[in-house]
file final_14.txt (compact mmCIF, C-alpha atoms and all ligand atoms)
# COMPACT_ATOMS: atom_id res chain seq x y z
CA MET G 1 83.50 18.51 -4.91
CA SER G 2 81.07 21.01 -3.52
CA THR G 3 79.18 19.84 -0.53
CA LEU G 4 76.77 22.75 -0.87
CA ALA G 5 75.07 21.65 -4.07
CA ALA G 6 72.00 19.73 -3.26
CA PRO G 7 71.43 16.60 -5.31
CA LEU G 8 69.19 17.33 -8.29
CA THR G 9 66.60 14.88 -7.04
CA ALA G 10 66.18 16.50 -3.67
CA ARG G 11 62.57 17.04 -2.78
CA ILE G 12 61.46 19.92 -0.74
CA PRO G 13 59.29 18.41 1.94
CA ILE G 14 55.90 20.09 1.57
CA ALA G 15 52.90 18.46 3.13
CA PRO G 16 50.60 17.25 0.32
CA ALA G 17 47.65 19.57 -0.10
CA PRO G 18 44.65 17.73 1.30
CA VAL G 19 42.17 16.92 -1.48
CA ALA G 20 38.65 17.15 -0.14
CA PRO G 21 36.74 14.02 -1.10
CA LEU G 22 33.82 14.64 -3.45
CA SER G 23 30.39 14.50 -1.86
CA PRO G 24 28.06 11.76 -3.15
CA VAL G 25 26.03 14.47 -4.94
CA ALA G 26 29.12 15.91 -6.64
CA ARG G 27 30.31 12.46 -7.62
CA ALA G 28 26.94 11.50 -9.12
CA ALA G 29 26.67 14.81 -11.02
CA LEU G 30 30.21 14.65 -12.36
CA ARG G 31 29.91 11.10 -13.56
CA GLY G 32 26.38 11.40 -14.98
CA LEU G 33 26.71 14.76 -16.71
CA THR G 34 29.90 13.84 -18.55
CA ALA G 35 28.48 10.60 -19.97
CA GLN G 36 27.54 10.27 -23.64
CA GLN G 37 23.83 10.19 -22.74
CA ARG G 38 23.86 12.58 -19.85
CA THR G 39 22.10 11.14 -16.80
CA LEU G 40 21.37 12.02 -13.19
CA PRO G 41 20.34 9.27 -10.76
CA PRO G 42 16.76 9.56 -9.41
CA TRP G 43 17.86 9.50 -5.76
CA LEU G 44 19.01 13.09 -6.40
CA PHE G 45 15.33 14.14 -6.62
CA TYR G 46 14.78 13.69 -2.91
CA ASP G 47 16.25 16.64 -1.07
CA ALA G 48 13.81 18.48 1.24
CA ALA G 49 12.27 20.46 -1.66
CA GLY G 50 12.06 17.40 -3.92
CA SER G 51 10.48 15.25 -1.22
CA ALA G 52 7.79 17.91 -0.74
CA LEU G 53 7.25 18.09 -4.52
CA PHE G 54 6.88 14.30 -4.64
CA GLU G 55 4.26 14.46 -1.88
CA ARG G 56 2.34 16.91 -4.10
CA ILE G 57 2.65 14.54 -7.08
CA THR G 58 0.98 11.77 -5.06
CA GLN G 59 -2.09 14.02 -4.77
CA LEU G 60 -2.37 14.89 -8.47
CA PRO G 61 -5.44 13.50 -10.28
CA GLU G 62 -3.23 11.94 -13.00
CA TYR G 63 -0.83 10.23 -10.59
CA TYR G 64 -2.90 7.12 -9.85
CA LEU G 65 -0.10 5.04 -8.25
CA THR G 66 -0.24 6.17 -4.62
CA ARG G 67 -4.01 6.31 -4.29
CA THR G 68 -4.49 2.97 -6.06
CA GLU G 69 -2.01 1.20 -3.80
CA ARG G 70 -3.54 2.84 -0.74
CA ALA G 71 -7.02 1.64 -1.79
CA ILE G 72 -5.65 -1.92 -2.10
CA PHE G 73 -4.23 -1.70 1.43
CA ALA G 74 -7.49 -0.21 2.74
CA ALA G 75 -9.49 -3.10 1.28
CA HIS G 76 -7.11 -5.98 2.10
CA ALA G 77 -4.82 -5.05 4.99
CA ASP G 78 -6.13 -7.76 7.35
CA GLU G 79 -5.82 -10.44 4.66
CA ILE G 80 -2.31 -9.28 3.73
CA ILE G 81 -1.13 -9.33 7.34
CA ALA G 82 -2.74 -12.74 8.03
CA ALA G 83 -1.10 -14.24 4.95
CA ALA G 84 2.31 -12.82 5.89
CA ALA G 85 2.06 -13.96 9.52
CA GLY G 86 1.02 -17.54 8.77
CA GLY G 87 0.05 -18.02 12.42
CA GLU G 88 3.26 -16.49 13.86
CA THR G 89 4.03 -13.09 15.39
CA LEU G 90 5.16 -10.60 12.76
CA SER G 91 7.78 -7.88 12.84
CA ILE G 92 7.63 -5.42 9.97
CA ALA G 93 10.47 -3.59 8.20
CA GLU G 94 10.08 -1.11 5.36
CA LEU G 95 12.62 -0.20 2.68
CA GLY G 96 12.77 3.43 1.58
CA ALA G 97 10.04 4.13 4.09
CA GLY G 98 10.11 7.91 3.68
CA THR G 99 7.33 9.33 5.83
CA ALA G 100 5.50 5.96 5.77
CA ALA G 101 2.20 7.57 4.76
CA LYS G 102 0.48 4.37 3.52
CA THR G 103 2.07 1.99 6.01
CA GLY G 104 -0.34 2.94 8.81
CA LEU G 105 -3.07 0.79 7.24
CA LEU G 106 -0.88 -2.33 7.41
CA LEU G 107 0.44 -1.57 10.91
CA GLU G 108 -3.13 -1.08 12.19
CA ALA G 109 -4.00 -4.51 10.80
CA ALA G 110 -0.95 -6.03 12.53
CA VAL G 111 -1.98 -4.44 15.85
CA ARG G 112 -5.54 -5.76 15.42
CA ARG G 113 -4.13 -9.22 14.91
CA GLN G 114 -1.42 -9.42 17.55
CA GLY G 115 -1.91 -6.47 19.91
CA SER G 116 1.38 -4.75 19.13
CA VAL G 117 4.02 -4.74 16.41
CA ILE G 118 7.64 -3.73 15.98
CA TYR G 119 8.07 -1.54 12.89
CA ARG G 120 11.50 -0.79 11.50
CA PRO G 121 11.48 1.84 8.73
CA VAL G 122 14.76 1.98 6.79
CA ASP G 123 15.60 5.14 4.85
CA VAL G 124 18.56 7.34 3.93
CA SER G 125 16.72 10.42 5.25
CA PRO G 126 16.81 10.87 9.05
CA THR G 127 14.23 13.69 8.81
CA ALA G 128 11.73 11.49 6.96
CA LEU G 129 12.25 8.76 9.57
CA GLU G 130 11.63 11.20 12.42
CA MET G 131 8.37 12.28 10.77
CA ALA G 132 7.37 8.65 10.30
CA LYS G 133 8.06 7.83 13.94
CA ARG G 134 6.17 10.82 15.33
CA HIS G 135 3.23 10.36 12.98
CA LEU G 136 2.83 6.60 13.52
CA GLU G 137 3.38 6.45 17.27
CA SER G 138 0.68 9.07 17.83
CA ARG G 139 -1.73 7.65 15.24
CA VAL G 140 -1.32 3.90 15.70
CA PRO G 141 -1.07 2.90 19.36
CA GLY G 142 0.64 -0.47 19.74
CA VAL G 143 3.31 0.25 17.13
CA LEU G 144 6.89 0.41 18.37
CA VAL G 145 8.89 2.34 15.74
CA GLU G 146 12.64 1.65 15.48
CA PRO G 147 13.97 3.83 12.63
CA GLN G 148 17.19 2.81 10.86
CA VAL G 149 19.18 5.22 8.71
CA ALA G 150 20.66 3.05 5.95
CA ASP G 151 20.99 2.74 2.19
CA TYR G 152 19.21 -0.56 1.59
CA THR G 153 20.65 -0.84 -1.93
CA ARG G 154 24.12 -1.29 -0.38
CA ASP G 155 23.99 -1.89 3.36
CA PRO G 156 22.47 -5.01 4.85
CA ILE G 157 19.06 -4.07 6.21
CA PRO G 158 18.95 -4.28 9.99
CA LEU G 159 16.12 -6.70 10.76
CA ASP G 160 14.59 -7.67 14.09
CA ALA G 161 16.73 -10.70 14.89
CA GLY G 162 14.34 -12.01 17.53
CA ALA G 163 11.24 -11.88 15.34
CA ALA G 164 9.28 -15.07 14.74
CA ARG G 165 8.38 -13.84 11.25
CA MET G 166 9.62 -10.88 9.24
CA LEU G 167 7.54 -9.00 6.72
CA VAL G 168 9.59 -6.61 4.58
CA LEU G 169 7.58 -3.89 2.85
CA TYR G 170 8.88 -2.52 -0.42
CA ILE G 171 5.90 -0.57 -1.66
CA GLY G 172 5.04 2.39 -3.90
CA SER G 173 6.69 0.75 -6.95
CA SER G 174 10.03 2.11 -5.75
CA ILE G 175 11.56 -1.05 -7.26
CA GLY G 176 10.57 0.47 -10.65
CA ASN G 177 13.54 2.85 -10.54
CA PHE G 178 15.91 -0.11 -11.00
CA SER G 179 16.76 -1.95 -14.20
CA PRO G 180 15.71 -5.63 -14.05
CA GLU G 181 19.31 -6.66 -13.22
CA ASP G 182 19.66 -4.09 -10.44
CA ALA G 183 16.20 -4.95 -9.09
CA VAL G 184 17.28 -8.59 -8.78
CA ARG G 185 20.45 -7.49 -6.98
CA VAL G 186 18.49 -5.35 -4.49
CA LEU G 187 15.89 -8.05 -3.78
CA ARG G 188 18.60 -10.71 -3.38
CA THR G 189 20.29 -8.56 -0.74
CA VAL G 190 16.96 -8.52 1.09
CA ARG G 191 16.43 -12.25 0.59
CA ASP G 192 19.88 -13.04 2.01
CA GLN G 193 18.83 -11.56 5.33
CA LEU G 194 15.55 -13.44 5.65
CA GLN G 195 14.69 -16.92 6.90
CA PRO G 196 12.66 -19.29 4.72
CA GLY G 197 9.00 -18.45 5.36
CA ASP G 198 9.64 -14.72 5.90
CA THR G 199 7.87 -12.54 3.36
CA LEU G 200 8.28 -9.53 1.10
CA LEU G 201 5.36 -7.27 0.16
CA LEU G 202 6.27 -5.70 -3.18
CA GLY G 203 4.22 -2.91 -4.80
CA THR G 204 4.43 -2.87 -8.60
CA ASP G 205 2.96 -0.42 -11.08
CA MET G 206 1.56 -2.32 -14.05
CA VAL G 207 1.85 -1.80 -17.82
CA LYS G 208 -1.24 0.01 -19.06
CA ASP G 209 -2.37 2.24 -21.92
CA GLU G 210 0.17 4.84 -22.98
CA ARG G 211 -2.13 7.84 -22.45
CA THR G 212 -2.63 7.03 -18.79
CA LEU G 213 1.09 6.53 -18.25
CA LEU G 214 2.07 9.73 -20.07
CA ALA G 215 -0.46 11.78 -18.10
CA ALA G 216 0.82 10.36 -14.80
CA TYR G 217 4.36 11.51 -15.62
CA ASP G 218 3.43 14.77 -17.36
CA ASP G 219 0.48 16.18 -15.44
CA ALA G 220 -1.54 19.20 -16.56
CA ALA G 221 -0.62 21.31 -13.51
CA GLY G 222 3.10 20.84 -14.16
CA GLY G 223 3.85 19.24 -10.78
CA THR G 224 5.99 16.50 -12.29
CA ALA G 225 7.86 19.03 -14.44
CA GLU G 226 8.70 21.00 -11.32
CA PHE G 227 9.80 17.83 -9.51
CA ASN G 228 12.05 16.91 -12.45
CA ARG G 229 13.58 20.38 -12.74
CA ASN G 230 14.24 20.53 -8.98
CA ILE G 231 17.18 18.22 -9.61
CA LEU G 232 18.93 21.13 -11.43
CA HIS G 233 17.98 23.59 -8.68
CA ARG G 234 19.56 21.14 -6.25
CA LEU G 235 22.84 21.11 -8.19
CA ASN G 236 22.76 24.91 -8.24
CA ARG G 237 22.15 25.03 -4.48
CA GLU G 238 24.53 22.31 -3.37
CA LEU G 239 27.34 22.42 -5.93
CA GLY G 240 27.16 26.06 -6.97
CA ALA G 241 26.25 25.06 -10.53
CA ASP G 242 24.72 27.72 -12.78
CA PHE G 243 21.96 25.84 -14.60
CA ASP G 244 19.38 28.22 -16.08
CA VAL G 245 16.56 25.91 -15.04
CA THR G 246 14.01 27.76 -17.20
CA ARG G 247 15.93 26.62 -20.29
CA PHE G 248 15.32 22.91 -19.62
CA THR G 249 11.96 21.36 -20.49
CA HIS G 250 10.42 18.36 -18.74
CA GLN G 251 9.83 15.35 -21.00
CA ALA G 252 8.14 12.03 -20.26
CA ILE G 253 8.44 9.11 -22.72
CA TRP G 254 6.93 5.61 -22.74
CA LYS G 255 9.52 3.07 -23.95
CA ALA G 256 7.39 0.02 -24.71
CA ALA G 257 10.33 -2.24 -25.60
CA GLU G 258 11.91 -1.65 -22.19
CA SER G 259 8.55 -1.47 -20.40
CA ARG G 260 9.47 1.78 -18.73
CA MET G 261 8.60 5.43 -18.43
CA GLU G 262 11.57 7.74 -18.85
CA MET G 263 11.93 11.30 -17.65
CA HIS G 264 14.34 13.70 -19.31
CA LEU G 265 15.26 17.36 -19.13
CA VAL G 266 15.61 18.75 -22.66
CA SER G 267 17.97 21.65 -23.34
CA ASN G 268 15.94 24.43 -25.03
CA GLY G 269 18.91 25.58 -27.06
CA PRO G 270 22.69 25.45 -27.13
CA GLN G 271 23.93 26.44 -23.69
CA ARG G 272 26.90 26.35 -21.39
CA VAL G 273 26.72 25.30 -17.76
CA THR G 274 29.52 25.39 -15.21
CA ILE G 275 29.79 23.33 -12.07
CA ASP G 276 32.87 24.42 -10.18
CA ASP G 277 35.63 24.16 -12.79
CA LEU G 278 33.71 21.72 -14.96
CA GLU G 279 32.27 23.30 -18.10
CA LEU G 280 29.43 21.54 -19.91
CA HIS G 281 28.09 22.32 -23.38
CA PHE G 282 24.54 21.31 -24.20
CA ALA G 283 23.36 21.13 -27.78
CA ALA G 284 19.80 22.21 -28.59
CA GLY G 285 17.51 19.26 -27.88
CA GLU G 286 20.13 17.32 -25.95
CA THR G 287 18.69 15.65 -22.86
CA ILE G 288 19.61 14.71 -19.31
CA HIS G 289 17.98 11.37 -18.49
CA THR G 290 16.77 11.66 -14.89
CA GLU G 291 14.56 8.62 -14.25
CA ASN G 292 13.44 5.20 -15.38
CA SER G 293 10.18 3.98 -13.92
CA TYR G 294 9.66 0.36 -14.96
CA LYS G 295 6.14 -0.99 -15.37
CA PHE G 296 5.38 -4.65 -14.71
CA THR G 297 3.36 -7.55 -16.08
CA GLN G 298 2.30 -10.69 -14.25
CA LYS G 299 5.14 -12.46 -16.05
CA SER G 300 7.83 -9.93 -15.15
CA ILE G 301 6.75 -9.94 -11.48
CA VAL G 302 7.03 -13.73 -11.28
CA TRP G 303 10.41 -13.62 -13.07
CA LEU G 304 11.83 -10.90 -10.81
CA LEU G 305 10.78 -12.66 -7.61
CA LYS G 306 12.02 -16.05 -8.77
CA GLN G 307 15.42 -14.64 -9.78
CA SER G 308 15.70 -13.09 -6.32
CA GLY G 309 14.91 -16.21 -4.28
CA PHE G 310 11.23 -15.56 -3.62
CA THR G 311 8.00 -17.26 -4.66
CA LEU G 312 4.89 -15.21 -5.38
CA GLU G 313 2.26 -16.41 -2.94
CA GLN G 314 -0.64 -13.99 -3.23
CA GLN G 315 -1.50 -10.86 -5.16
CA TRP G 316 -4.01 -8.08 -4.68
CA THR G 317 -4.92 -5.56 -7.38
CA ASP G 318 -7.46 -2.85 -8.14
CA ALA G 319 -10.36 -3.57 -10.53
CA LYS G 320 -8.46 -2.15 -13.54
CA VAL G 321 -5.23 -3.99 -12.60
CA TRP G 322 -3.27 -0.73 -12.71
CA PHE G 323 -1.29 -1.58 -9.60
CA ALA G 324 -0.42 -4.85 -7.86
CA VAL G 325 0.55 -5.65 -4.29
CA ASN G 326 2.51 -8.92 -4.27
CA LEU G 327 3.21 -11.12 -1.27
CA ALA G 328 6.30 -13.25 -1.88
CA VAL G 329 7.76 -15.91 0.38
CA ALA G 330 11.50 -16.39 0.87
CA SER G 331 12.06 -19.83 -0.64
C1 LIG G 401 8.67 7.09 -6.25
C2 LIG G 401 9.88 5.99 -7.99
C3 LIG G 401 7.65 5.30 -7.47
O1 LIG G 401 8.40 6.23 -10.50
O2 LIG G 401 6.37 6.93 -10.21
C4 LIG G 401 6.85 10.23 -9.67
C5 LIG G 401 8.74 8.72 -8.75
N1 LIG G 401 8.64 10.11 -10.83
N2 LIG G 401 6.70 10.99 -10.78
C6 LIG G 401 7.55 6.83 -9.85
C7 LIG G 401 8.08 9.67 -9.72
C8 LIG G 401 7.79 10.93 -11.47
C9 LIG G 401 7.93 7.47 -8.52
N3 LIG G 401 8.56 6.49 -7.59
call {"tool": "encode", "arguments": {"input": "final_14.txt", "output": "structure tokens"}}
result
Amino acid sequence: MSTLAAPLTARIPIAPAPVAPLSPVARAALRGLTAQQRTLPPWLFYDAAGSALFERITQLPEYYLTRTERAIFAAHADEIIAAAAGGETLSIAELGAGTAAKTGLLLEAAVRRQGSVIYRPVDVSPTALEMAKRHLESRVPGVLVEPQVADYTRDPIPLDAGAARMLVLYIGSSIGNFSPEDAVRVLRTVRDQLQPGDTLLLGTDMVKDERTLLAAYDDAAGGTAEFNRNILHRLNRELGADFDVTRFTHQAIWKAAESRMEMHLVSNGPQRVTIDDLELHFAAGETIHTENSYKFTQKSIVWLLKQSGFTLEQQWTDAKVWFAVNLAVAS
């Protein structure tokens, strides 16, 4: 018997090649772009370029959401803060705060009422939070800004444990990006961290005539189209994809049955795109679904809040009822 022959099963010990984990962007792109209806999640819009493009959208004549909500705050900030405080001292947190452009009006009202206020903006973007802190602390004396980098859809939101009363701001109709089921899940996560009597201020864009909605999501100057297409530029930049962005057309659709605006990117013709070693074939007219933006009714607001453990206490709207600011109490 030869002692030299190695057993057939012998393994040559080679260290396993380390497999780099996929980045969140790569994971989202891979999963979404290989689905039957290709999709990309809307959080991918907000890299530095996309955040700047969104800021420009908020200034477009057709995009009524931001200016309508701001006008509601301008007219009712003191009332909103008084109702949320209910005679106690308030601390304020904000979900997806971004640069907190509209929040100043509410913080000023809180400072008028109680002299100072702790403000805790929560966002996934550290740069946006830095801008918010610098901007607010110079503009609104009396505000103590404590930024928190967190993904509020997953992580528990860090609240001010010592606060007599919490007011959580979730404004701008950001909740509209979530399906009703996911919206309930997000708001329940918030509710679980509040005490009875704490409040949520929820901004909701309302159902309205189709022309107004379509114009808001497909403006004449093409700002929304550029915002939508930036998602492909981002994949080119960050993943080395080779999307020919000029061959995808922005599309906005009102889906009445689902009560939502949808944004898509339509392939102008048959085309091939590669992302690393993934090869994608687009048929002419095939779309990538990039966003849902749900629109609300009085009934759907009450339903959403109730399912999430809140009770609608007060509501402020503009004269046309295009946008609503809802104060809900943790029940
Ligand atoms: C930031 C999610 C509220 O849905 O209107 C703007 C994003 N999309 N134009 C919205 C958006 C197209 C916006 N939200």
call {"tool": "closest_atom_pairs", "arguments": {"input": "final_14.txt", "of": "stretch 35-69 of chain G", "to": "stretch 94-102 of chain G", "cutoff": "10 Å", "atoms": "all atoms listed in the file", "output": "tab-separated table"}}
result
residue	atom	partner	partner_atom	distance
G:Tyr46	CA	G:Gly98	CA	9.9
G:Ser51	CA	G:Gly98	CA	8.8
G:Glu55	CA	G:Thr99	CA	9.8
G:Thr66	CA	G:Lys102	CA	8.4
G:Arg67	CA	G:Lys102	CA	9.2
G:Glu69	CA	G:Lys102	CA	8.4
call {"tool": "closest_residue", "arguments": {"input": "final_14.txt", "among": "G:Gln37, G:Thr224, G:Thr246, G:Gln307", "to": "ligand LIG 401 (chain G)", "atoms": "all atoms listed in the file"}}
result
G:Thr224
call {"tool": "residues_near_ligand", "arguments": {"input": "final_14.txt", "ligand": "ligand LIG 401 (chain G)", "cutoff": "6 Å", "atoms": "all atoms listed in the file", "output": "PyMOL selection string"}}
result
chain G and resi 172-174+177+217+224+293
call {"tool": "residues_near_point", "arguments": {"input": "final_14.txt", "point": "(9.0, -19.3, 6.6)", "cutoff": "12 Å", "atoms": "all atoms listed in the file", "output": "ChimeraX atom specification"}}
result
/G:83-90,163-167,191,194-200,310-311,328-331
call {"tool": "write_last_selection", "arguments": {"input": "final_14.txt", "atoms": "C-alpha atoms", "output": "PDB file, keeping the file's coordinate frame"}}
result
ATOM      1  CA  ALA G  83      -1.100 -14.240   4.950  1.00  0.00           C
ATOM      2  CA  ALA G  84       2.310 -12.820   5.890  1.00  0.00           C
ATOM      3  CA  ALA G  85       2.060 -13.960   9.520  1.00  0.00           C
ATOM      4  CA  GLY G  86       1.020 -17.540   8.770  1.00  0.00           C
ATOM      5  CA  GLY G  87       0.050 -18.020  12.420  1.00  0.00           C
ATOM      6  CA  GLU G  88       3.260 -16.490  13.860  1.00  0.00           C
ATOM      7  CA  THR G  89       4.030 -13.090  15.390  1.00  0.00           C
ATOM      8  CA  LEU G  90       5.160 -10.600  12.760  1.00  0.00           C
ATOM      9  CA  ALA G 163      11.240 -11.880  15.340  1.00  0.00           C
ATOM     10  CA  ALA G 164       9.280 -15.070  14.740  1.00  0.00           C
ATOM     11  CA  ARG G 165       8.380 -13.840  11.250  1.00  0.00           C
ATOM     12  CA  MET G 166       9.620 -10.880   9.240  1.00  0.00           C
ATOM     13  CA  LEU G 167       7.540  -9.000   6.720  1.00  0.00           C
ATOM     14  CA  ARG G 191      16.430 -12.250   0.590  1.00  0.00           C
ATOM     15  CA  LEU G 194      15.550 -13.440   5.650  1.00  0.00           C
ATOM     16  CA  GLN G 195      14.690 -16.920   6.900  1.00  0.00           C
ATOM     17  CA  PRO G 196      12.660 -19.290   4.720  1.00  0.00           C
ATOM     18  CA  GLY G 197       9.000 -18.450   5.360  1.00  0.00           C
ATOM     19  CA  ASP G 198       9.640 -14.720   5.900  1.00  0.00           C
ATOM     20  CA  THR G 199       7.870 -12.540   3.360  1.00  0.00           C
ATOM     21  CA  LEU G 200       8.280  -9.530   1.100  1.00  0.00           C
ATOM     22  CA  PHE G 310      11.230 -15.560  -3.620  1.00  0.00           C
ATOM     23  CA  THR G 311       8.000 -17.260  -4.660  1.00  0.00           C
ATOM     24  CA  ALA G 328       6.300 -13.250  -1.880  1.00  0.00           C
ATOM     25  CA  VAL G 329       7.760 -15.910   0.380  1.00  0.00           C
ATOM     26  CA  ALA G 330      11.500 -16.390   0.870  1.00  0.00           C
ATOM     27  CA  SER G 331      12.060 -19.830  -0.640  1.00  0.00           C
TER      28      SER G 331
END
call {"tool": "residues_around", "arguments": {"input": "final_14.txt", "residues": "G:Asp242", "least_positions_apart": "3", "cutoff": "12 Å", "atoms": "all atoms listed in the file", "output": "list in words"}}
result
Leu232, His233, Arg234, Leu235, Asn236, Arg237, Glu238, Leu239, Val245, Thr246, Arg247, Gln271, Arg272, Val273, Thr274, Ile275, Asp276, Asp277, Leu278, Glu279 and Leu280 of chain G
call {"tool": "residues_around", "arguments": {"input": "final_14.txt", "residues": "G:Tyr64", "least_positions_apart": "2", "cutoff": "10 Å", "atoms": "only C-alpha atoms", "output": "PyMOL selection string"}}
result
chain G and resi 57-62+66-69+205+212-213+215-216+322-323
call {"tool": "residues_around", "arguments": {"input": "final_14.txt", "residues": "G:Pro141", "least_positions_apart": "2", "cutoff": "9 Å", "atoms": "all atoms listed in the file", "output": "JSON, numbers by chain"}}
result
{"G": [108, 111, 116, 136, 137, 138, 139, 143, 144]}
call {"tool": "closest_residue", "arguments": {"input": "final_14.txt", "among": "G:Ser125, G:Thr153, G:Ser259, G:Ser179", "to": "G:Lys208", "atoms": "all atoms listed in the file"}}
result
G:Ser259
call {"tool": "residues_around", "arguments": {"input": "final_14.txt", "residues": "G:Arg120", "least_positions_apart": "4", "cutoff": "6 Å", "atoms": "all atoms listed in the file", "output": "list in words"}}
result
Ala93, Val145, Glu146 and Pro147 of chain G
call {"tool": "atom_distance", "arguments": {"input": "final_14.txt", "atom1": "atom CA of G:Ile253", "atom2": "atom CA of G:Ile231"}}
result
18.2 Å
call {"tool": "residues_near_point", "arguments": {"input": "final_14.txt", "point": "(13.3, 16.3, -19.2)", "cutoff": "10 Å", "atoms": "all atoms listed in the file", "output": "compact mmCIF listing (two decimals) with C-alpha atoms, in the frame of the given file"}}
result
# COMPACT_ATOMS: atom_id res chain seq x y z
CA ALA G 225 7.86 19.03 -14.44
CA ASN G 228 12.05 16.91 -12.45
CA ARG G 229 13.58 20.38 -12.74
CA PHE G 248 15.32 22.91 -19.62
CA THR G 249 11.96 21.36 -20.49
CA HIS G 250 10.42 18.36 -18.74
CA GLN G 251 9.83 15.35 -21.00
CA ALA G 252 8.14 12.03 -20.26
CA ILE G 253 8.44 9.11 -22.72
CA GLU G 262 11.57 7.74 -18.85
CA MET G 263 11.93 11.30 -17.65
CA HIS G 264 14.34 13.70 -19.31
CA LEU G 265 15.26 17.36 -19.13
CA VAL G 266 15.61 18.75 -22.66
CA SER G 267 17.97 21.65 -23.34
CA GLU G 286 20.13 17.32 -25.95
CA THR G 287 18.69 15.65 -22.86
CA ILE G 288 19.61 14.71 -19.31
CA HIS G 289 17.98 11.37 -18.49
CA THR G 290 16.77 11.66 -14.89
CA GLU G 291 14.56 8.62 -14.25
call {"tool": "build_atoms", "arguments": {"input": "final_14.txt", "residues": "stretch 101-113 of chain G", "atoms": "N, CA and C atoms", "output": "CSV table (one decimal), in the coordinates of the input"}}
result
chain,number,residue,atom,x,y,z
G,101,ALA,N,3.6,7.1,4.8
G,101,ALA,CA,2.2,7.6,4.8
G,101,ALA,C,1.2,6.4,4.6
G,102,LYS,N,1.5,5.4,3.8
G,102,LYS,CA,0.5,4.4,3.5
G,102,LYS,C,0.6,3.2,4.5
G,103,THR,N,1.7,3.2,5.2
G,103,THR,CA,2.1,2.0,6.0
G,103,THR,C,1.1,1.8,7.2
G,104,GLY,N,0.6,3.0,7.7
G,104,GLY,CA,-0.3,2.9,8.8
G,104,GLY,C,-1.4,1.9,8.7
G,105,LEU,N,-2.0,1.7,7.5
G,105,LEU,CA,-3.1,0.8,7.2
G,105,LEU,C,-2.6,-0.6,7.6
G,106,LEU,N,-1.4,-1.0,7.2
G,106,LEU,CA,-0.9,-2.3,7.4
G,106,LEU,C,-0.5,-2.5,8.9
G,107,LEU,N,0.1,-1.5,9.5
G,107,LEU,CA,0.4,-1.6,10.9
G,107,LEU,C,-0.8,-1.7,11.8
G,108,GLU,N,-1.9,-1.0,11.4
G,108,GLU,CA,-3.1,-1.1,12.2
G,108,GLU,C,-3.6,-2.5,12.1
G,109,ALA,N,-3.5,-3.1,11.0
G,109,ALA,CA,-4.0,-4.5,10.8
G,109,ALA,C,-3.2,-5.5,11.6
G,110,ALA,N,-1.8,-5.2,11.7
G,110,ALA,CA,-1.0,-6.0,12.5
G,110,ALA,C,-1.3,-5.9,14.0
G,111,VAL,N,-1.6,-4.7,14.4
G,111,VAL,CA,-2.0,-4.4,15.8
G,111,VAL,C,-3.3,-5.1,16.2
G,112,ARG,N,-4.3,-5.1,15.2
G,112,ARG,CA,-5.5,-5.8,15.4
G,112,ARG,C,-5.3,-7.2,15.6
G,113,ARG,N,-4.4,-7.8,14.9
G,113,ARG,CA,-4.1,-9.2,14.9
G,113,ARG,C,-3.3,-9.7,16.1
